[in-house]
$ cat upload31.pdb   # PDB, C-alpha atoms
ATOM      1  CA  MET A   1     -36.303  -2.907  -4.108
ATOM      2  CA  ALA A   2     -33.203  -4.882  -3.067
ATOM      3  CA  ARG A   3     -29.822  -3.833  -4.354
ATOM      4  CA  SER A   4     -27.915  -6.196  -6.620
ATOM      5  CA  VAL A   5     -25.130  -8.296  -5.110
ATOM      6  CA  PRO A   6     -22.268  -6.675  -7.092
ATOM      7  CA  GLU A   7     -23.569  -3.205  -6.274
ATOM      8  CA  THR A   8     -23.728  -3.989  -2.533
ATOM      9  CA  HIS A   9     -20.310  -5.663  -2.662
ATOM     10  CA  ASP A  10     -18.763  -2.552  -4.223
ATOM     11  CA  GLU A  11     -20.654  -0.281  -1.818
ATOM     12  CA  ILE A  12     -19.229  -2.232   1.119
ATOM     13  CA  LEU A  13     -15.702  -1.833  -0.249
ATOM     14  CA  ALA A  14     -16.205   1.894  -0.800
ATOM     15  CA  ALA A  15     -17.694   2.376   2.667
ATOM     16  CA  ALA A  16     -14.870   0.386   4.265
ATOM     17  CA  ALA A  17     -12.282   2.517   2.475
ATOM     18  CA  ARG A  18     -13.973   5.693   3.741
ATOM     19  CA  ARG A  19     -14.198   4.361   7.311
ATOM     20  CA  PHE A  20     -10.584   3.132   7.305
ATOM     21  CA  ALA A  21      -9.515   6.603   6.136
ATOM     22  CA  VAL A  22     -11.394   8.287   8.996
ATOM     23  CA  THR A  23     -10.913   5.917  11.935
ATOM     24  CA  GLY A  24      -8.222   3.503  10.722
ATOM     25  CA  TYR A  25      -8.472  -0.206  10.166
ATOM     26  CA  LYS A  26      -8.408  -1.034  13.872
ATOM     27  CA  GLY A  27     -10.908   1.693  14.701
ATOM     28  CA  THR A  28     -13.473   0.505  12.162
ATOM     29  CA  SER A  29     -15.948  -2.243  12.956
ATOM     30  CA  LEU A  30     -18.077  -4.285  10.582
ATOM     31  CA  GLN A  31     -21.078  -2.552  12.149
ATOM     32  CA  ASP A  32     -19.577   0.854  11.218
ATOM     33  CA  ILE A  33     -19.231  -0.303   7.615
ATOM     34  CA  ALA A  34     -22.763  -1.723   7.557
ATOM     35  CA  ARG A  35     -24.193   1.509   8.980
ATOM     36  CA  GLU A  36     -22.442   3.562   6.296
ATOM     37  CA  VAL A  37     -23.744   1.284   3.519
ATOM     38  CA  GLY A  38     -27.223   1.214   5.013
ATOM     39  CA  CYS A  39     -27.370  -2.544   5.441
ATOM     40  CA  SER A  40     -27.064  -5.023   8.271
ATOM     41  CA  LYS A  41     -23.834  -6.454   9.612
ATOM     42  CA  ALA A  42     -25.130  -9.827   8.404
ATOM     43  CA  ALA A  43     -25.282  -8.435   4.855
ATOM     44  CA  VAL A  44     -21.642  -7.345   5.119
ATOM     45  CA  LEU A  45     -20.743 -10.838   6.357
ATOM     46  CA  TYR A  46     -22.648 -12.341   3.425
ATOM     47  CA  HIS A  47     -20.195 -10.608   1.084
ATOM     48  CA  PHE A  48     -17.025 -10.857   3.183
ATOM     49  CA  ALA A  49     -15.969 -13.446   5.755
ATOM     50  CA  ASN A  50     -14.529 -10.750   8.053
ATOM     51  CA  LYS A  51     -12.956  -7.308   8.136
ATOM     52  CA  GLU A  52      -9.583  -8.722   7.045
ATOM     53  CA  ALA A  53     -11.216 -10.061   3.858
ATOM     54  CA  ILE A  54     -12.457  -6.550   3.060
ATOM     55  CA  LEU A  55      -8.979  -5.128   3.595
ATOM     56  CA  THR A  56      -7.435  -7.907   1.510
ATOM     57  CA  GLU A  57      -9.715  -7.113  -1.424
ATOM     58  CA  LEU A  58      -9.132  -3.370  -1.094
ATOM     59  CA  MET A  59      -5.375  -3.925  -1.119
ATOM     60  CA  ALA A  60      -5.253  -6.670  -3.802
ATOM     61  CA  PRO A  61      -4.311  -4.411  -6.755
ATOM     62  CA  ALA A  62      -1.524  -2.690  -4.785
ATOM     63  CA  ILE A  63      -0.227  -6.027  -3.532
ATOM     64  CA  ALA A  64      -0.251  -7.439  -7.059
ATOM     65  CA  MET A  65       1.840  -4.491  -8.284
ATOM     66  CA  LEU A  66       4.253  -4.911  -5.345
ATOM     67  CA  LEU A  67       4.651  -8.616  -6.140
ATOM     68  CA  ALA A  68       5.304  -7.768  -9.801
ATOM     69  CA  LEU A  69       7.978  -5.271  -8.743
ATOM     70  CA  ASP A  70       9.503  -7.884  -6.444
ATOM     71  CA  GLU A  71       9.598 -10.361  -9.339
ATOM     72  CA  ARG A  72      11.197  -7.760 -11.621
ATOM     73  CA  LEU A  73      13.918  -7.063  -9.055
ATOM     74  CA  LEU A  74      14.917 -10.721  -8.732
ATOM     75  CA  GLY A  75      17.161 -10.509 -11.792
ATOM     76  CA  SER A  76      18.703  -7.149 -10.906
ATOM     77  CA  THR A  77      21.707  -6.374  -8.734
ATOM     78  CA  GLY A  78      23.644  -3.358  -7.542
ATOM     79  CA  GLN A  79      22.863   0.039  -8.994
ATOM     80  CA  ARG A  80      20.454  -1.317 -11.580
ATOM     81  CA  ALA A  81      18.391  -2.981  -8.825
ATOM     82  CA  GLN A  82      18.534   0.252  -6.847
ATOM     83  CA  ARG A  83      17.313   2.364  -9.787
ATOM     84  CA  ASP A  84      14.572  -0.139 -10.690
ATOM     85  CA  ALA A  85      13.460  -0.325  -7.049
ATOM     86  CA  VAL A  86      13.241   3.457  -6.649
ATOM     87  CA  GLU A  87      11.369   3.999  -9.898
ATOM     88  CA  GLY A  88       9.095   0.989  -9.367
ATOM     89  CA  PHE A  89       8.198   1.858  -5.782
ATOM     90  CA  VAL A  90       7.547   5.510  -6.635
ATOM     91  CA  GLU A  91       5.148   4.410  -9.398
ATOM     92  CA  LEU A  92       3.417   1.957  -7.049
ATOM     93  CA  ALA A  93       3.074   4.571  -4.306
ATOM     94  CA  LEU A  94       1.689   7.167  -6.709
ATOM     95  CA  ARG A  95      -0.812   4.750  -8.216
ATOM     96  CA  PHE A  96      -2.067   3.603  -4.812
ATOM     97  CA  ARG A  97      -1.917   6.849  -2.834
ATOM     98  CA  ARG A  98      -5.421   6.334  -1.458
ATOM     99  CA  GLU A  99      -4.622   2.866  -0.115
ATOM    100  CA  ILE A 100      -1.391   4.104   1.459
ATOM    101  CA  ALA A 101      -3.230   6.995   3.081
ATOM    102  CA  LEU A 102      -5.897   4.618   4.410
ATOM    103  CA  LEU A 103      -3.393   2.497   6.252
ATOM    104  CA  HIS A 104      -0.579   4.914   6.960
ATOM    105  CA  GLY A 105       0.616   4.299  10.498
ATOM    106  CA  GLU A 106      -0.966   0.847  10.691
ATOM    107  CA  PHE A 107       1.426  -0.985   8.338
ATOM    108  CA  PRO A 108       3.589  -2.676  11.004
ATOM    109  CA  GLU A 109       0.602  -4.192  12.769
ATOM    110  CA  LEU A 110      -1.161  -5.140   9.526
ATOM    111  CA  LEU A 111       1.928  -6.996   8.345
ATOM    112  CA  GLN A 112       1.389  -9.357  11.282
ATOM    113  CA  HIS A 113      -1.850 -10.628   9.692
ATOM    114  CA  PRO A 114      -1.269 -13.970   7.949
ATOM    115  CA  ALA A 115      -2.860 -12.669   4.734
ATOM    116  CA  PHE A 116      -0.094 -10.060   4.461
ATOM    117  CA  ALA A 117       2.941 -12.057   5.673
ATOM    118  CA  HIS A 118       4.456 -12.182   2.181
ATOM    119  CA  ILE A 119       4.416  -8.384   2.014
ATOM    120  CA  GLN A 120       7.087  -8.135   4.717
ATOM    121  CA  ARG A 121       9.388 -10.407   2.692
ATOM    122  CA  CYS A 122       8.811  -8.260  -0.423
ATOM    123  CA  SER A 123       9.474  -5.131   1.608
ATOM    124  CA  ASP A 124      12.747  -6.578   2.913
ATOM    125  CA  ARG A 125      13.887  -7.443  -0.623
ATOM    126  CA  LEU A 126      12.844  -3.987  -1.839
ATOM    127  CA  ARG A 127      14.862  -2.380   0.971
ATOM    128  CA  ASP A 128      17.880  -4.511   0.007
ATOM    129  CA  ALA A 129      17.519  -3.448  -3.639
ATOM    130  CA  LEU A 130      17.257   0.202  -2.598
ATOM    131  CA  ALA A 131      20.463  -0.292  -0.630
ATOM    132  CA  GLY A 132      22.098  -1.477  -3.857
ATOM    133  CA  GLY A 133      22.742  -4.875  -2.292
ATOM    134  CA  SER A 134      24.939  -3.324   0.375
ATOM    135  CA  THR A 135      24.734  -4.647   3.921
ATOM    136  CA  ARG A 136      26.341  -1.485   5.342
ATOM    137  CA  ALA A 137      24.211   0.070   8.046
ATOM    138  CA  GLU A 138      24.229   3.459   6.299
ATOM    139  CA  ALA A 139      22.893   1.963   3.040
ATOM    140  CA  GLN A 140      20.214  -0.100   4.804
ATOM    141  CA  VAL A 141      19.061   2.862   6.924
ATOM    142  CA  ALA A 142      18.933   5.139   3.865
ATOM    143  CA  ALA A 143      16.891   2.525   2.004
ATOM    144  CA  LEU A 144      14.419   2.184   4.880
ATOM    145  CA  ILE A 145      14.049   5.955   5.146
ATOM    146  CA  VAL A 146      13.400   6.188   1.402
ATOM    147  CA  LEU A 147      10.738   3.440   1.572
ATOM    148  CA  ALA A 148       8.969   5.028   4.524
ATOM    149  CA  GLY A 149       9.390   8.532   3.142
ATOM    150  CA  ILE A 150       7.880   7.711  -0.235
ATOM    151  CA  ALA A 151       4.847   6.155   1.447
ATOM    152  CA  ALA A 152       4.510   9.042   3.906
ATOM    153  CA  ALA A 153       4.802  11.678   1.169
ATOM    154  CA  CYS A 154       2.118   9.998  -0.925
ATOM    155  CA  ALA A 155      -0.186   9.897   2.103
ATOM    156  CA  GLU A 156       0.621  13.466   3.150
ATOM    157  CA  PHE A 157       0.259  15.148  -0.251
ATOM    158  CA  PRO A 158      -2.822  13.559  -1.872
ATOM    159  CA  ASP A 159      -3.611  16.663  -3.934
ATOM    160  CA  LEU A 160      -0.127  17.198  -5.338
ATOM    161  CA  ASP A 161       0.055  16.494  -9.068
ATOM    162  CA  ASP A 162       1.502  13.022  -9.850
ATOM    163  CA  ASP A 163       4.238  14.366 -12.118
ATOM    164  CA  GLU A 164       5.358  16.947  -9.583
ATOM    165  CA  LEU A 165       5.325  14.448  -6.709
ATOM    166  CA  ARG A 166       7.104  11.801  -8.834
ATOM    167  CA  ALA A 167       9.903  14.250  -9.677
ATOM    168  CA  ALA A 168      10.281  15.269  -6.029
ATOM    169  CA  LEU A 169      10.272  11.675  -4.766
ATOM    170  CA  LEU A 170      12.862  10.548  -7.308
ATOM    171  CA  ALA A 171      15.109  13.534  -6.576
ATOM    172  CA  VAL A 172      14.958  13.003  -2.809
ATOM    173  CA  ALA A 173      15.500   9.238  -3.158
ATOM    174  CA  ARG A 174      18.558   9.837  -5.349
ATOM    175  CA  ARG A 175      20.018  12.233  -2.812
ATOM    176  CA  ALA A 176      19.331   9.866   0.099
ATOM    177  CA  LEU A 177      20.645   6.757  -1.638
ATOM    178  CA  GLY A 178      23.497   8.262  -3.592
ATOM    179  CA  PRO A 179      24.108   7.746  -7.313
ATOM    180  CA  LEU A 180      21.600   5.379  -8.932
ATOM    181  CA  ASP A 181      23.468   5.031 -12.245
TER     182      ASP A 181
END

$ encode --input "upload31.pdb" --output "structure tokens"
Amino acid sequence: MARSVPETHDEILAAAARRFAVTGYKGTSLQDIAREVGCSKAAVLYHFANKEAILTELMAPAIAMLLALDERLLGSTGQRAQRDAVEGFVELALRFRREIALLHGEFPELLQHPAFAHIQRCSDRLRDALAGGSTRAEAQVAALIVLAGIAAACAEFPDLDDDELRAALLAVARRALGPLD
């Protein structure tokens, strides 16, 4: 008996996520995904135009939350923007730990894909907010380290309790960035 379209669609997404976690986005082929699902490559292509479309759908909820954070930060400046950026990015990173872990180390290259071009602009604005609007090199470097560190910690400690990791991330970010209030 043939599987239903939604079931196969979801199975492809789940298999892609597993493969990306093991061999990375670049190291995973559509054939690898099809083999894991137990279908043909043509069946995968029936559901998704290409591998980038699979990644786009897997990342859509995280991207939506990042865009919402970016929108929220538009009206903030200085220390308020910095505090909102830290708390918002920590929440995003905790909620999407799996997605961060899947792509950890491949972000710079993935941001070159046209489907993700807007993410780099959001990331730049988030870094500026974390720097409290300062253009000083020290503030910008600290903000970049905090961004990368939050993502790396979420990928590195997948089994750490959310509350414990949240507290640690916020404490470290506050120390790295200076006073947030």

$ residues_around --input "upload31.pdb" --residues "region 154-161 of chain A" --least-positions-apart "6" --cutoff "9 Å" --atoms "all atoms listed in the file" --output "PyMOL selection string"
chain A and resi 93-94+96-102+104

$ atom_distance --input "upload31.pdb" --atom1 "CA of Arg174 (chain A)" --atom2 "CA of Leu130 (chain A)"
10.1 Å

$ atom_distance --input "upload31.pdb" --atom1 "CA of Leu45 (chain A)" --atom2 "CA of Ala21 (chain A)"
20.7 Å

$ closest_residue --input "upload31.pdb" --among "A:Val141, A:Glu7, A:Gly27, A:Leu92" --to "Leu67 (chain A)" --atoms "only C-alpha atoms"
A:Leu92

$ closest_residue --input "upload31.pdb" --among "A:Ile33, A:Val44, A:Ala115, A:Val86" --to "Ala171 (chain A)" --atoms "all atoms listed in the file"
A:Val86

$ residues_around --input "upload31.pdb" --residues "Leu144 (chain A)" --least-positions-apart "3" --cutoff "12 Å" --atoms "all atoms listed in the file" --output "mmCIF file with C-alpha atoms, keeping the file's coordinate frame"
data_model
loop_
_atom_site.group_PDB
_atom_site.id
_atom_site.type_symbol
_atom_site.label_atom_id
_atom_site.label_comp_id
_atom_site.auth_asym_id
_atom_site.auth_seq_id
_atom_site.Cartn_x
_atom_site.Cartn_y
_atom_site.Cartn_z
ATOM 1 C CA VAL A 86 13.241 3.457 -6.649
ATOM 2 C CA SER A 123 9.474 -5.131 1.608
ATOM 3 C CA ASP A 124 12.747 -6.578 2.913
ATOM 4 C CA ARG A 125 13.887 -7.443 -0.623
ATOM 5 C CA LEU A 126 12.844 -3.987 -1.839
ATOM 6 C CA ARG A 127 14.862 -2.380 0.971
ATOM 7 C CA ASP A 128 17.880 -4.511 0.007
ATOM 8 C CA ALA A 129 17.519 -3.448 -3.639
ATOM 9 C CA LEU A 130 17.257 0.202 -2.598
ATOM 10 C CA ALA A 131 20.463 -0.292 -0.630
ATOM 11 C CA ALA A 137 24.211 0.070 8.046
ATOM 12 C CA GLU A 138 24.229 3.459 6.299
ATOM 13 C CA ALA A 139 22.893 1.963 3.040
ATOM 14 C CA GLN A 140 20.214 -0.100 4.804
ATOM 15 C CA VAL A 141 19.061 2.862 6.924
ATOM 16 C CA LEU A 147 10.738 3.440 1.572
ATOM 17 C CA ALA A 148 8.969 5.028 4.524
ATOM 18 C CA GLY A 149 9.390 8.532 3.142
ATOM 19 C CA ILE A 150 7.880 7.711 -0.235
ATOM 20 C CA ALA A 151 4.847 6.155 1.447
ATOM 21 C CA ALA A 173 15.500 9.238 -3.158
ATOM 22 C CA ALA A 176 19.331 9.866 0.099
ATOM 23 C CA LEU A 177 20.645 6.757 -1.638
#

$ resolve_selection --input "upload31.pdb" --expression "the PyMOL selection byres ((chain A and resi 76) around 12)" --output "ChimeraX atom specification"
/A:69-75,77-85,125-126,128-130,132-133

$ closest_residue --input "upload31.pdb" --among "A:Thr56, A:Thr8, A:Gln31, A:Asn50" --to "Ile119 (chain A)" --atoms "only C-alpha atoms"
A:Thr56

$ resolve_selection --input "upload31.pdb" --expression "the PyMOL selection byres ((chain A and resi 116) around 12)" --output "list in words"
Glu52, Ala53, Leu55, Thr56, Glu57, Met59, Ala60, Ala62, Ile63, Ala64, Leu66, Leu67, Phe107, Pro108, Glu109, Leu110, Leu111, Gln112, His113, Pro114, Ala115, Ala117, His118, Ile119, Gln120, Arg121, Cys122 and Ser123 of chain A

$ atom_distance --input "upload31.pdb" --atom1 "CA of Gly24 (chain A)" --atom2 "CA of Ala168 (chain A)"
27.6 Å

$ residues_around --input "upload31.pdb" --residues "Ala34 (chain A)" --least-positions-apart "3" --cutoff "10 Å" --atoms "all atoms listed in the file" --output "PyMOL selection string"
chain A and resi 11-12+15-16+29-31+37-45

$ residues_around --input "upload31.pdb" --residues "Thr28 (chain A)" --least-positions-apart "6" --cutoff "10 Å" --atoms "only C-alpha atoms" --output "PyMOL selection string"
chain A and resi 16-22+51

$ closest_residue --input "upload31.pdb" --among "A:Glu106, A:Leu165, A:Ile54, A:Gly178" --to "Ala143 (chain A)" --atoms "all atoms listed in the file"
A:Gly178

$ decode --input "upload31.pdb" --residues "region 66-146 of chain A" --atoms "C-alpha atoms" --output "compact mmCIF listing (two decimals), in the first residue's frame"
# COMPACT_ATOMS: atom_id res chain seq x y z
CA LEU A 66 14.50 35.33 13.84
CA LEU A 67 12.55 37.71 11.59
CA ALA A 68 10.12 38.43 14.43
CA LEU A 69 13.04 39.21 16.74
CA ASP A 70 14.54 41.46 14.07
CA GLU A 71 11.21 43.30 13.77
CA ARG A 72 10.98 43.68 17.55
CA LEU A 73 14.47 45.18 17.69
CA LEU A 74 13.71 47.86 15.09
CA GLY A 75 12.16 50.14 17.71
CA SER A 76 14.83 49.55 20.36
CA THR A 77 18.14 51.32 20.87
CA GLY A 78 21.08 51.20 23.23
CA GLN A 79 20.90 49.03 26.32
CA ARG A 80 17.26 48.13 25.80
CA ALA A 81 18.06 46.80 22.30
CA GLN A 82 21.02 44.93 23.76
CA ARG A 83 18.92 43.29 26.50
CA ASP A 84 16.09 42.43 24.08
CA ALA A 85 18.58 40.99 21.59
CA VAL A 86 20.31 38.79 24.18
CA GLU A 87 17.08 37.47 25.65
CA GLY A 88 15.42 37.03 22.25
CA PHE A 89 18.37 35.23 20.66
CA VAL A 90 18.83 32.94 23.67
CA GLU A 91 15.15 31.95 23.44
CA LEU A 92 15.44 31.37 19.69
CA ALA A 93 18.59 29.28 20.08
CA LEU A 94 17.06 27.17 22.85
CA ARG A 95 13.87 26.57 20.91
CA PHE A 96 15.73 25.54 17.75
CA ARG A 97 18.70 23.67 19.22
CA ARG A 98 18.23 20.76 16.82
CA GLU A 99 18.30 23.00 13.74
CA ILE A 100 21.39 24.82 15.01
CA ALA A 101 23.12 21.52 15.68
CA LEU A 102 22.22 20.28 12.19
CA LEU A 103 23.92 23.18 10.49
CA HIS A 104 26.59 24.18 12.98
CA GLY A 105 29.75 24.92 11.04
CA GLU A 106 27.93 25.34 7.73
CA PHE A 107 26.22 28.68 8.47
CA PRO A 108 28.64 30.93 6.53
CA GLU A 109 28.31 28.91 3.35
CA LEU A 110 24.54 28.45 3.73
CA LEU A 111 24.08 32.20 4.06
CA GLN A 112 25.37 32.48 0.49
CA HIS A 113 22.26 30.68 -0.80
CA PRO A 114 19.74 33.18 -2.20
CA ALA A 115 16.95 31.70 -0.06
CA PHE A 116 18.85 32.72 3.08
CA ALA A 117 20.30 36.10 2.01
CA HIS A 118 17.97 38.02 4.33
CA ILE A 119 19.30 36.05 7.30
CA GLN A 120 22.71 37.73 7.01
CA ARG A 121 21.07 41.16 7.20
CA CYS A 122 19.09 40.09 10.30
CA SER A 123 22.27 38.69 11.84
CA ASP A 124 24.10 41.98 11.22
CA ARG A 125 21.29 43.96 12.87
CA LEU A 126 21.22 41.51 15.78
CA ARG A 127 24.98 41.91 16.23
CA ASP A 128 24.56 45.71 16.21
CA ALA A 129 21.82 45.45 18.85
CA LEU A 130 24.00 43.18 20.98
CA ALA A 131 26.73 45.81 20.71
CA GLY A 132 24.25 48.32 22.13
CA GLY A 133 24.47 50.36 18.93
CA SER A 134 28.17 50.97 19.48
CA THR A 135 30.51 50.89 16.50
CA ARG A 136 33.57 50.38 18.73
CA ALA A 137 35.56 47.34 17.69
CA GLU A 138 35.44 45.90 21.22
CA ALA A 139 31.62 46.08 21.34
CA GLN A 140 31.20 44.60 17.85
CA VAL A 141 33.65 41.76 18.55
CA ALA A 142 31.96 40.98 21.88
CA ALA A 143 28.57 40.92 20.15
CA LEU A 144 29.83 38.54 17.45
CA ILE A 145 31.37 36.24 20.05
CA VAL A 146 28.10 36.19 22.00
